[in-house]
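Undergrad: Below you'll find the structure I mean.
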Amino acid sequence: MRGAVYALVLLAASISAGVATAQDYPSRPVRIIVPFPAGGSSDVAGRVIAEGLSELWKQQVIVENRVGAGGAIGTEAAYRAQPDGYTLLLGTTAQVVNQVLLPRSFSFTQDFPTIAIVAAGPMIIVAHPSVPASNLQEFTTMLRSAPGKHDYTACDMASQFHLAMEMYKQAVNVFAVHIGHRGCAPAVSDAVAGHIKIAATNLTAALPHIKQGRLKPIAVMSNQRSPAVPDVPTIRESGIAQLKDFAVENYLGFVAAPKTPAAIVSKIEKDVLELAGRPALRNKLEGAGLDVLVLNAKEMMTLMRNDAERFARVAKQAGIKAE
C-alpha cells in the first residue's frame with residue numbers, strides 16, 4: 001500500500017514539475033531541425049513558423065538544416081535530442097514514407113510527439129499539352145485503353161508522389177510505367193520538354209509551366225482544391241466512384257523530440273496554432289506556393305498513422321522499395 005501511495009506521489013510531483021517547466025518555457029533559444037535543404041517548401045514553412053515563434057516567445061528560434069537520406073539524418077538527430085522542448089523537428093509526409101520503406105530503431109509516427117500541421121505542398125498530376133486527356137476521367141480512360149504504353153514520372157523513386165500515383169492506379173486498375181527522377185524539378189523539366197508526358201509532382205514546381213500553357217493540369221491530389229489553381233479539380237471530384245474518398249496530403253508540420261513533457265508539447269501546439277491563424281503568416285505561406293492546412297496535434301497524429309498504414313499496403317502491393 002505504501003508503495004502505491006509513493007508511486008502516486010512521484011507521479012503527482014512529475015506532473016507538477018512538467019507544468020512548472022511549461023510555464024517558464026522557453027527560457028532560452030529553441031532550434032527547429034529541418035531535415036531538407038534550404039530554399040525548399042519544408043525550409044520555408046520552418047522559417048516562417050520560426051520567425052513567428054521568435055516574436056511570440058521573445059526568444060530566438062533557429063532553423064537548422066540537417067540534410068540527407070531523404071530526411072532521415074535530421075530525423076535521427078531530433079530523435080537523439082534532449083527531451084526538453086528546445087529541439088523541434090519539421091515533420092512531413094516524406095518521413096512517414098521513410099518509416100514505411102526504411103525501417104529504423106524508432107517509429108516516426110509513434111515516438112515523436114506531434115505538435116501541429118501548418119501547411120501543405122499540394123501534389124498535382126500534369127501532362128504535356130500533346131496528351132489528349134484534359135481531366136481525370138479522360139486520363140484514366142487513356143491509361144486503361146493502353147496498359148503499359150504510357151510512362152510517367154513521380155519525382156523521386158519511392159517518394160510520396162510515387163506512392164500516391166500507385167494508390168490512384170490501384171484504385172482504378174490501370175497500368176503505367178513509372179520513370180524515377182532525382183527530384184521534382186528535373187521531372188517537371190522532362191515533362192515540359194515532352195520526354196515524359198505525364199508527371200505527378202508538387203504544385204510549386206509545376207505552377208509556372210501551367211500558367212504559361214507548357215503543362216496541362218489534370219487533377220490535384222489534396223483533399224481540397226488549391227487556391228493557386230482554383231479551377232483544377234481534386235481527384236476525389238473526378239466523378240470516378242473508386243476515387244470519391246481519395247486524398248494524399250503532402251503536409252508540413254512539427255513534432256517534438258521523443259519523451260518531451262506533455263505540458264511543453266501542449267504549450268507549443270497552442271502557440272503554433274495561434275500563429276497559423278494569423279492572416280500575415282498565412283499570406284507568407286501562400287506567397288511561397290504552399291496551401292494553408294492547419295491540424296492540431298491529435299489530428300496530425302491520426303493522419304500520419306493512417307498514412308503509414310496505407311503507404312505500407314500500397315508499397316507491398318506495388319513492390320516499391322527504398323532506393
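FYI, nothing fancy with the C-alpha cells labels: chains A, B, ... in order, residues from 1 per chain, ligands from 1 as they appear.
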List every residue of stretch 110-227 of chain A that has an atom at most 12 Å from any atom of stretch 64-77 of chain A, and for each one report the closest atom pair and its distance in Å to one decimal, counting only C-alpha atoms, with rows sorted by chain and then by increasing residue number, as JSON lines.

TA:
```
{"residue": "A:Asp111", "atom": "CA", "partner": "A:Thr75", "partner_atom": "CA", "distance": 11.3}
{"residue": "A:Phe112", "atom": "CA", "partner": "A:Thr75", "partner_atom": "CA", "distance": 9.7}
{"residue": "A:Asp156", "atom": "CA", "partner": "A:Gly70", "partner_atom": "CA", "distance": 9.9}
{"residue": "A:Met157", "atom": "CA", "partner": "A:Gly70", "partner_atom": "CA", "distance": 11.0}
{"residue": "A:Ala158", "atom": "CA", "partner": "A:Gly70", "partner_atom": "CA", "distance": 10.3}
{"residue": "A:Ser159", "atom": "CA", "partner": "A:Gly70", "partner_atom": "CA", "distance": 9.0}
{"residue": "A:Gln160", "atom": "CA", "partner": "A:Gly70", "partner_atom": "CA", "distance": 11.2}
{"residue": "A:Arg182", "atom": "CA", "partner": "A:Gly70", "partner_atom": "CA", "distance": 11.0}
{"residue": "A:Gly183", "atom": "CA", "partner": "A:Gly70", "partner_atom": "CA", "distance": 10.7}
```

Undergrad: Residues within 8 Å of A:Ala45, please, as a ChimeraX atom specification. Count only C-alpha atoms; anything in the same chain fewer than 2 positions from it doesn't count.

TA: /A:41-43,47-49,118-119,252,285

Undergrad: Using atom CA of A:Val192 and atom CA of A:His209 as the two end points, give the distance in Å to one decimal.

TA: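 Value for the atom CA of A:Val192-atom CA of A:His209 distance: 7.5 Å.
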
Undergrad: Would you please extract all alpha helix (DSSP H) residues from stretch 89-313 of chain A, as assigned by DSSP on the backbone, and give them as number ranges by chain?

TA: A: 93-101, 108-111, 136-145, 160-172, 184-193, 203-211, 262-276, 279-287, 297-313

Undergrad: Between atom CA of A:Thr153 and atom CA of A:Ser130, what is the spacing in Å?

TA: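 Atom CA of A:Ser130 sits 16.2 Å away from atom CA of A:Thr153.
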
Undergrad: Could you tell me which of A:Leu295, A:Asp24, A:Arg80, A:Gly287 comes closest to A:Val272 if we count only C-alpha atoms?

TA: A:Leu295

Undergrad: Quick one: residues within 8 Å of A:Arg144, only C-alpha atoms counted, chain neighbours fewer than 4 positions away excluded, as a list in words?

TA: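 Residues near the query, excluding close chain neighbours: Thr140, Asn173, Val174 and Phe175 of chain A.
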
Undergrad: As a tab-separated table (two decimals) with C-alpha atoms, in the first residue's frame, which residues of stretch 101-139 of chain A does DSSP assign to strand (DSSP E or B)?

TA:
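Written out: states_28.tsv:
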```tsv
chain	number	residue	atom	x	y	z
A	114	THR	CA	3.01	15.68	-32.62
A	115	ILE	CA	2.53	19.45	-32.35
A	116	ALA	CA	0.60	20.70	-35.39
A	117	ILE	CA	0.44	20.78	-39.18
A	118	VAL	CA	0.51	24.28	-40.66
A	119	ALA	CA	0.79	23.87	-44.43
A	120	ALA	CA	0.85	21.51	-47.38
A	123	MET	CA	0.68	17.38	-55.29
A	124	ILE	CA	-0.74	17.52	-58.80
A	125	ILE	CA	-0.92	15.36	-61.92
A	126	VAL	CA	0.10	17.29	-65.02
A	127	ALA	CA	0.57	16.37	-68.65
```

Undergrad: Show which residues sit within 6 Å of A:Leu88, as a ChimeraX atom specification. Count only C-alpha atoms, and ignore same-chain residues fewer than 2 positions away.

TA: /A:32,255-256

Undergrad: Can I get the selection written as a short mmCIF file (atom, residue, chain, number, x, y, z; two decimals), in the first residue's frame, with C-alpha atoms?

TA:
```cif
data_model
loop_
_atom_site.label_atom_id
_atom_site.label_comp_id
_atom_site.auth_asym_id
_atom_site.auth_seq_id
_atom_site.Cartn_x
_atom_site.Cartn_y
_atom_site.Cartn_z
CA ILE A 32 13.87 23.62 -35.34
CA VAL A 255 6.93 17.30 -33.83
CA ALA A 256 8.97 17.35 -30.62
#
```

Undergrad: Which residues, written as an NGL selection string, have at least one atom at most 12 Å from A:Lys211, with only C-alpha atoms counted and residues fewer than 6 positions away on the same chain left out?

TA: :A and (203-205 or 217 or 228-229)

Undergrad: Restricting it to N, CA and C atoms, dump the selection as a PDB file, in the first residue's frame.

TA:
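For reference, out27.pdb as written:
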```pdb
ATOM      1  N   LEU A 203       3.040  21.152 -56.689  1.00  0.00           N
ATOM      2  CA  LEU A 203       2.465  22.256 -57.463  1.00  0.00           C
ATOM      3  C   LEU A 203       3.462  23.388 -57.643  1.00  0.00           C
ATOM      4  N   THR A 204       4.341  23.586 -56.664  1.00  0.00           N
ATOM      5  CA  THR A 204       5.322  24.670 -56.755  1.00  0.00           C
ATOM      6  C   THR A 204       6.177  24.541 -58.005  1.00  0.00           C
ATOM      7  N   ALA A 205       6.622  23.309 -58.290  1.00  0.00           N
ATOM      8  CA  ALA A 205       7.477  23.087 -59.460  1.00  0.00           C
ATOM      9  C   ALA A 205       6.702  23.217 -60.764  1.00  0.00           C
ATOM     10  N   PRO A 217      -2.852  20.874 -66.401  1.00  0.00           N
ATOM     11  CA  PRO A 217      -3.213  20.277 -65.118  1.00  0.00           C
ATOM     12  C   PRO A 217      -4.342  19.258 -65.283  1.00  0.00           C
ATOM     13  N   ALA A 228      -3.981  28.237 -55.416  1.00  0.00           N
ATOM     14  CA  ALA A 228      -3.078  28.631 -56.502  1.00  0.00           C
ATOM     15  C   ALA A 228      -3.637  28.235 -57.870  1.00  0.00           C
ATOM     16  N   VAL A 229      -4.444  27.146 -57.907  1.00  0.00           N
ATOM     17  CA  VAL A 229      -5.072  26.703 -59.166  1.00  0.00           C
ATOM     18  C   VAL A 229      -6.532  26.338 -58.857  1.00  0.00           C
TER      19      VAL A 229
END
```

Undergrad: Excluding same-chain residues fewer than 4 positions from A:Glu286, what lies within 9 Å of it counting only C-alpha atoms, as an NGL selection string?

TA: :A and (119 or 227-228 or 281-282 or 290-292)

Undergrad: Report the distance between atom CA of A:Leu90 and atom CA of A:Pro35 in Å, rounded to one decimal place.

TA: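 That distance, rounded to one decimal, is 7.2 Å.
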
Undergrad: Identify which of the residues A:Arg28, A:Arg214, A:His178, A:Lys244 lies closest to A:Trp57, counting only C-alpha atoms when measuring atom-to-atom distances.

TA: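 With only C-alpha atoms as the atom set, the closest residue is A:Arg28.
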
Undergrad: Please provide the set of residues having any atom within 8 Å of A:Met142, restricted to only C-alpha atoms, with same-chain residues fewer than 4 positions apart removed, written as an MDAnalysis selection string.

TA: chainID A and resid 133 138 146

Undergrad: Could you turn the residues from that selection into a file that holds N, CA and C atoms, as a PDB file, in the first residue's frame?

TA:
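Once written, again28.pdb looks like this:
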```pdb
ATOM      1  N   ALA A 133      -5.848  13.826 -72.992  1.00  0.00           N
ATOM      2  CA  ALA A 133      -6.722  13.914 -71.826  1.00  0.00           C
ATOM      3  C   ALA A 133      -6.641  15.300 -71.190  1.00  0.00           C
ATOM      4  N   GLU A 138     -10.900  11.377 -68.505  1.00  0.00           N
ATOM      5  CA  GLU A 138     -10.263  11.131 -69.807  1.00  0.00           C
ATOM      6  C   GLU A 138      -8.884  10.512 -69.621  1.00  0.00           C
ATOM      7  N   ALA A 146      -4.666   1.531 -72.990  1.00  0.00           N
ATOM      8  CA  ALA A 146      -3.342   1.142 -73.490  1.00  0.00           C
ATOM      9  C   ALA A 146      -2.450   0.756 -72.310  1.00  0.00           C
TER      10      ALA A 146
END
```

Undergrad: Tell me which of A:Ala38, A:Ala257, A:Ile218, A:Ala154 sits closest to A:Thr87, counting only C-alpha atoms.

TA: A:Ala257
